[in-house]
Amino acid sequence: MIIKSDWHIHSEYSYDAENPLELIAERATEQGLCRIGITDHANFNDEKFLGDLHASVKGVKEMQKKYPFMVLGVELTPIERPEFDHIAITGTREGYEPPASDKPYDIELACSKEELVNLGVRYAIGASHWRVDSPNAKKLEPDLDACIKEWYRQQMFLAADERVTILGHPWYNGKGIWYEDFDVIPRSMKLDIANELKRNGKYVECNSHFFLTPKATDKFRRQYAEYLREMFEMGIPVTYGSDSHKNYPDAREKVEVWLREAGFTEGD
């Protein structure tokens with residue numbers, strides 16, 4: 001196998017996942033993985049998400065006594081700075097009203113570097129999930145050009161932020177609006193992100209989603225694997241993330257079909 005570790009796994013401590021830590025560890029052992037990283041969500045700085053993160057930290061540290069190959073991580077998502085500030089003052093997302101703005105909101109992440117270090121978090125995946133550039137942007141109808149511009153902005157931020165170790169699922173979009181042809185995203189944007197990752201000593205993630213989702217065409221999968229290979233050849237280390245939320249299946253063989261075609265081999 002090319003893929004021998006998995007650095008993006010969600011446990012039952014994530015709001016949208018069901019994997020018990022024991023199940024993850026047992027199946028990782030069966031799969032012959034040498035390292036696994038638990039990266040539960042810390043989407044917002046409110047009591048719910050930070051409470052989930054503290055529970056994940058406690059659970060992973062306990063499980064490491066039995067499974068020392070388990071590593072404690074976290075997944076951080078860009079959020080709009082006004083909402084972060086509202087939560088910091090009130091402790092909750094309730095009552096937040098996005099202010100009017102004639103420019104994109106500043107970006108923030110749920111935890112400071114000091115908070116992560118104090119919790120014992122070893123690494124952070126930073127990943128874009130939705131627009132945070134304008135009021136109620138998540139509710140807007142998909143706009144290809146606006147989304148490309150916003151994902152680029154967020155990923156450039158993540159590639160430079162000291163809290164982020166791995167750029168998670170680059171160019172992921174829940175609605176798959178560019179999953180037919182990856183070339184609709186300007187090459188200059190892809191290279192800008194790659195160069196920023198390299199400049200800051202970051203990793204980039206090969207996420208199983210792009211190779212498994214029915215929203216993607218084979219053309220897109222081939223282009224995406226070639227994009228990962230190009231970054232690897234630029235000197236950017238590539239990690240694998242199953243991004244598993246339930247049952248922790250082994251998707252590596254399906255992913256490796258495309259990776260091998262793009263030039264990845266044993267040891268890469």
# chains A, B, ... in the order shown; residues from 1 in each chain; ligands from 1

$ residues_around --residues "range 192-206 of chain A" --least-positions-apart "6" --cutoff "7 Å" --atoms "only C-alpha atoms" --output "PyMOL selection string"
chain A and resi 155-156+159-160+165-169+231+236-241

$ residues_around --residues "Lys175 in chain A" --least-positions-apart "2" --cutoff "12 Å" --atoms "only C-alpha atoms" --output "PyMOL selection string"
chain A and resi 129-130+138+141-144+147+171-173+177-180+213-216

$ write_last_selection --atoms "C-alpha atoms" --output "JSON list (two decimals), in the first residue's frame"
[["chain", "number", "residue", "atom", "x", "y", "z"],
["A", 129, "HIS", "CA", -16.18, 24.26, 4.47],
["A", 130, "TRP", "CA", -18.33, 27.28, 3.62],
["A", 138, "LYS", "CA", -23.68, 30.03, 3.79],
["A", 141, "GLU", "CA", -27.16, 30.00, -3.79],
["A", 142, "PRO", "CA", -23.89, 28.58, -5.12],
["A", 143, "ASP", "CA", -22.04, 31.06, -7.31],
["A", 144, "LEU", "CA", -19.05, 29.49, -9.04],
["A", 147, "CYS", "CA", -17.04, 30.48, -4.27],
["A", 171, "TRP", "CA", -10.89, 22.82, -2.80],
["A", 172, "TYR", "CA", -13.52, 20.68, -1.09],
["A", 173, "ASN", "CA", -17.05, 21.93, -1.77],
["A", 177, "ILE", "CA", -19.93, 22.82, -7.89],
["A", 178, "TRP", "CA", -16.54, 22.40, -9.61],
["A", 179, "TYR", "CA", -16.33, 18.61, -9.45],
["A", 180, "GLU", "CA", -16.74, 18.07, -13.20],
["A", 213, "THR", "CA", -17.93, 11.08, -4.01],
["A", 214, "PRO", "CA", -20.40, 10.42, -6.84],
["A", 215, "LYS", "CA", -20.41, 14.18, -7.48],
["A", 216, "ALA", "CA", -16.93, 13.96, -9.04]]

$ select_by_dssp --residues "range 60-175 of chain A" --states "helix (DSSP H, G or I)" --output "PyMOL selection string"
chain A and resi 60-63+81-90+113-119+137-139+144-160

$ select_by_dssp --residues "range 83-184 of chain A" --states "strand (DSSP E or B)" --output "PyMOL selection string"
chain A and resi 107-108+123-126+166-167

$ atom_distance --atom1 "CA of Ala225 in chain A" --atom2 "CA of Ala127 in chain A"
18.2 Å

$ decode --residues "range 185-200 of chain A" --atoms "all heavy atoms" --output "short mmCIF file (atom, residue, chain, number, x, y, z; two decimals), in the first residue's frame"
data_model
loop_
_atom_site.label_atom_id
_atom_site.label_comp_id
_atom_site.auth_asym_id
_atom_site.auth_seq_id
_atom_site.Cartn_x
_atom_site.Cartn_y
_atom_site.Cartn_z
N ILE A 185 -10.94 26.09 -11.89
CA ILE A 185 -10.22 26.88 -10.88
C ILE A 185 -8.90 27.33 -11.50
O ILE A 185 -8.12 26.50 -11.99
CB ILE A 185 -9.97 26.04 -9.62
CG1 ILE A 185 -11.30 25.64 -8.98
CG2 ILE A 185 -9.11 26.82 -8.63
CD1 ILE A 185 -11.18 24.65 -7.86
N PRO A 186 -8.63 28.61 -11.51
CA PRO A 186 -7.42 29.11 -12.18
C PRO A 186 -6.15 28.45 -11.63
O PRO A 186 -5.98 28.30 -10.43
CB PRO A 186 -7.44 30.61 -11.87
CG PRO A 186 -8.89 30.93 -11.69
CD PRO A 186 -9.47 29.72 -11.01
N ARG A 187 -5.27 28.10 -12.53
CA ARG A 187 -4.02 27.48 -12.13
C ARG A 187 -3.20 28.40 -11.24
O ARG A 187 -2.51 27.95 -10.31
CB ARG A 187 -3.22 27.09 -13.38
CG ARG A 187 -1.84 26.52 -13.06
CD ARG A 187 -1.21 25.86 -14.27
NE ARG A 187 0.16 25.49 -14.00
CZ ARG A 187 0.55 24.45 -13.25
NH1 ARG A 187 -0.36 23.67 -12.71
NH2 ARG A 187 1.82 24.18 -13.06
N SER A 188 -3.30 29.71 -11.47
CA SER A 188 -2.54 30.66 -10.67
C SER A 188 -2.95 30.57 -9.20
O SER A 188 -2.10 30.68 -8.30
CB SER A 188 -2.76 32.09 -11.18
OG SER A 188 -4.14 32.45 -11.12
N MET A 189 -4.25 30.35 -8.93
CA MET A 189 -4.71 30.21 -7.55
C MET A 189 -4.17 28.94 -6.92
O MET A 189 -3.72 28.95 -5.77
CB MET A 189 -6.24 30.19 -7.51
CG MET A 189 -6.90 31.51 -7.82
SD MET A 189 -8.70 31.40 -7.57
CE MET A 189 -9.16 33.12 -7.80
N LYS A 190 -4.19 27.85 -7.67
CA LYS A 190 -3.66 26.58 -7.16
C LYS A 190 -2.18 26.71 -6.81
O LYS A 190 -1.72 26.23 -5.76
CB LYS A 190 -3.86 25.47 -8.19
CG LYS A 190 -5.30 25.17 -8.55
CD LYS A 190 -5.36 24.18 -9.70
CE LYS A 190 -6.79 23.98 -10.19
NZ LYS A 190 -6.83 23.16 -11.42
N LEU A 191 -1.43 27.38 -7.68
CA LEU A 191 0.01 27.53 -7.44
C LEU A 191 0.29 28.50 -6.29
O LEU A 191 1.24 28.30 -5.53
CB LEU A 191 0.70 27.99 -8.72
CG LEU A 191 0.82 26.95 -9.82
CD1 LEU A 191 1.47 27.55 -11.06
CD2 LEU A 191 1.60 25.72 -9.35
N ASP A 192 -0.53 29.53 -6.17
CA ASP A 192 -0.36 30.46 -5.04
C ASP A 192 -0.48 29.71 -3.72
O ASP A 192 0.32 29.90 -2.80
CB ASP A 192 -1.43 31.56 -5.09
CG ASP A 192 -1.13 32.63 -6.11
OD1 ASP A 192 -0.01 32.66 -6.64
OD2 ASP A 192 -2.05 33.44 -6.38
N ILE A 193 -1.49 28.86 -3.61
CA ILE A 193 -1.71 28.09 -2.38
C ILE A 193 -0.54 27.13 -2.16
O ILE A 193 -0.02 27.01 -1.04
CB ILE A 193 -3.04 27.33 -2.45
CG1 ILE A 193 -4.20 28.34 -2.43
CG2 ILE A 193 -3.17 26.34 -1.29
CD1 ILE A 193 -5.55 27.73 -2.79
N ALA A 194 -0.12 26.45 -3.22
CA ALA A 194 1.01 25.52 -3.10
C ALA A 194 2.27 26.24 -2.63
O ALA A 194 2.98 25.77 -1.74
CB ALA A 194 1.24 24.82 -4.43
N ASN A 195 2.54 27.38 -3.21
CA ASN A 195 3.75 28.12 -2.83
C ASN A 195 3.67 28.62 -1.40
O ASN A 195 4.68 28.65 -0.68
CB ASN A 195 3.96 29.28 -3.79
CG ASN A 195 4.51 28.84 -5.14
OD1 ASN A 195 5.34 27.95 -5.21
ND2 ASN A 195 4.03 29.45 -6.21
N GLU A 196 2.47 28.99 -0.95
CA GLU A 196 2.31 29.44 0.43
C GLU A 196 2.50 28.27 1.40
O GLU A 196 3.10 28.43 2.47
CB GLU A 196 0.93 30.08 0.62
CG GLU A 196 0.76 30.85 1.91
CD GLU A 196 1.57 32.14 1.96
OE1 GLU A 196 2.19 32.52 0.95
OE2 GLU A 196 1.58 32.78 3.03
N LEU A 197 1.99 27.11 1.04
CA LEU A 197 2.20 25.91 1.86
C LEU A 197 3.69 25.60 1.98
O LEU A 197 4.21 25.34 3.07
CB LEU A 197 1.47 24.71 1.25
CG LEU A 197 -0.05 24.71 1.33
CD1 LEU A 197 -0.63 23.59 0.47
CD2 LEU A 197 -0.53 24.54 2.77
N LYS A 198 4.38 25.64 0.85
CA LYS A 198 5.81 25.33 0.86
C LYS A 198 6.59 26.37 1.67
O LYS A 198 7.47 26.02 2.47
CB LYS A 198 6.34 25.27 -0.56
CG LYS A 198 7.81 24.87 -0.65
CD LYS A 198 8.26 24.71 -2.08
CE LYS A 198 9.73 24.27 -2.14
NZ LYS A 198 10.19 24.09 -3.53
N ARG A 199 6.25 27.63 1.49
CA ARG A 199 6.96 28.71 2.19
C ARG A 199 6.82 28.58 3.70
O ARG A 199 7.75 28.89 4.45
CB ARG A 199 6.41 30.06 1.73
CG ARG A 199 7.17 31.25 2.28
CD ARG A 199 6.67 32.55 1.67
NE ARG A 199 5.38 32.92 2.23
CZ ARG A 199 5.22 33.60 3.37
NH1 ARG A 199 6.29 33.95 4.07
NH2 ARG A 199 4.03 33.92 3.81
N ASN A 200 5.67 28.07 4.16
CA ASN A 200 5.40 27.98 5.59
C ASN A 200 5.60 26.58 6.16
O ASN A 200 5.27 26.34 7.33
CB ASN A 200 3.98 28.47 5.87
CG ASN A 200 3.83 29.96 5.64
OD1 ASN A 200 4.39 30.77 6.37
ND2 ASN A 200 3.09 30.33 4.60
#
